[in-house]
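Beneath this line is the structure, given in structure tokens, with notes to follow.
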Amino acid sequence: MDEHGPRKVLERLARERGDDYSALSRMIGRNAAYIQQFIKRGTPRRLAEQDRRILAEYFAVDERMLGAPAENVSRKNPADGWRPGRDMVAIRQFAVNASAGPGALADDEQELSQIVFPARWLRKLAGGDPAELSIITVFGDSMEPTLSDGDEILVSRGDGAERLRDGIYVLRDDNALIVKRIAMNPANRRFTIKSDNAGYPDWPDCDLDSVEVIGRVVWAGRRLA
């Protein structure tokens with residue numbers, strides 16, 4: 001395989017950033033195996049224009065590196081004077097572990113870094129104000145296999161108790177953050193707090209007086225083994 005070809009380039013970019021193929025696939029709205037099949041099996045033969053553009057924006061590279069014909073390259077590419085800050089949004093990453101001791105997604109928490117995402121992708125994924133998004137780390141195995149120890153999760157604090165519905169949320173219980181699945185009872189708006197790992201017990205028949213909803217988990221990324 002050509003080391004400068006789109007597949008090798010995408011493989012290298014994902015490896016350097018520690019991106020999971022399935023997370024990249026979901027980012028562009030494809031099935032979880034899409035990027036892996038493109039890189040490892042050559043299927044599809046080339047990336048679709050929209051997929052290629054989103055990935056180029058995400059990695060902040062020239063679209064031609066991912067296989068775009070020169071005449072089709074967006075004017076937003078770096079080679080054409082594109083500035084990453086104009087089309088990308090920096091999301092704050094906090095030194096907080098969900099399910100591992102006290103903490104909160106608040107301005108007084110220690111900020112580790114900022115991770116840049118395409119603005120268009122964030123709007124499609126989470127909507128609302130990007131300032132309400134934060135990145136924290138999963139601790140423990142209670143949400144295996146969906147979330148693993150060390151996974152980074154993108155939490156939408158603007159999508160919390162007011163819109164509570166089935167899904168994965170970061171909650172605060174007894175001054176500790178936890179990440180759990182919420183299963184709503186539509187009859188009375190009470191809910192069960194569940195772990196995807198069957199080895200952990202459920203918390204049935206909860207209400208909003210018993211737990212604080214910090215925000216909804218809208219994306220997760222992990223390093224490949």
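If you're wondering about the labels, chains in the structure tokens are A, B, ... by order shown, residues count from 1 in each chain, ligands from 1 in order shown.
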Q: With a distance cut-off of 10 Å and only C-alpha atoms, select the neighbouring residues of Val179 in chain A, excluding the residue or stretch itself and same-chain residues fewer than 4 positions from it, and output the selection as a VMD selection string.
A: chain A and resid 97 to 100 137 to 140 142 to 143 147 153 168 to 172 193 to 195 214 to 217
Q: Please report, as a ChimeraX atom specification, each residue of range 96-177 of chain A to which DSSP assigns strand (DSSP E) when run on this structure's backbone.
A: /A:96-98,111-118,133-138,152-156,167-173,176-177
Q) Using only C-alpha atoms, which of the listed residues (A:Ser25, A:Ser210, A:Ser156, A:Thr43) sits closest to Asp129 in chain A? A)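 Smallest separation from Asp129 in chain A among the options: A:Ser156.
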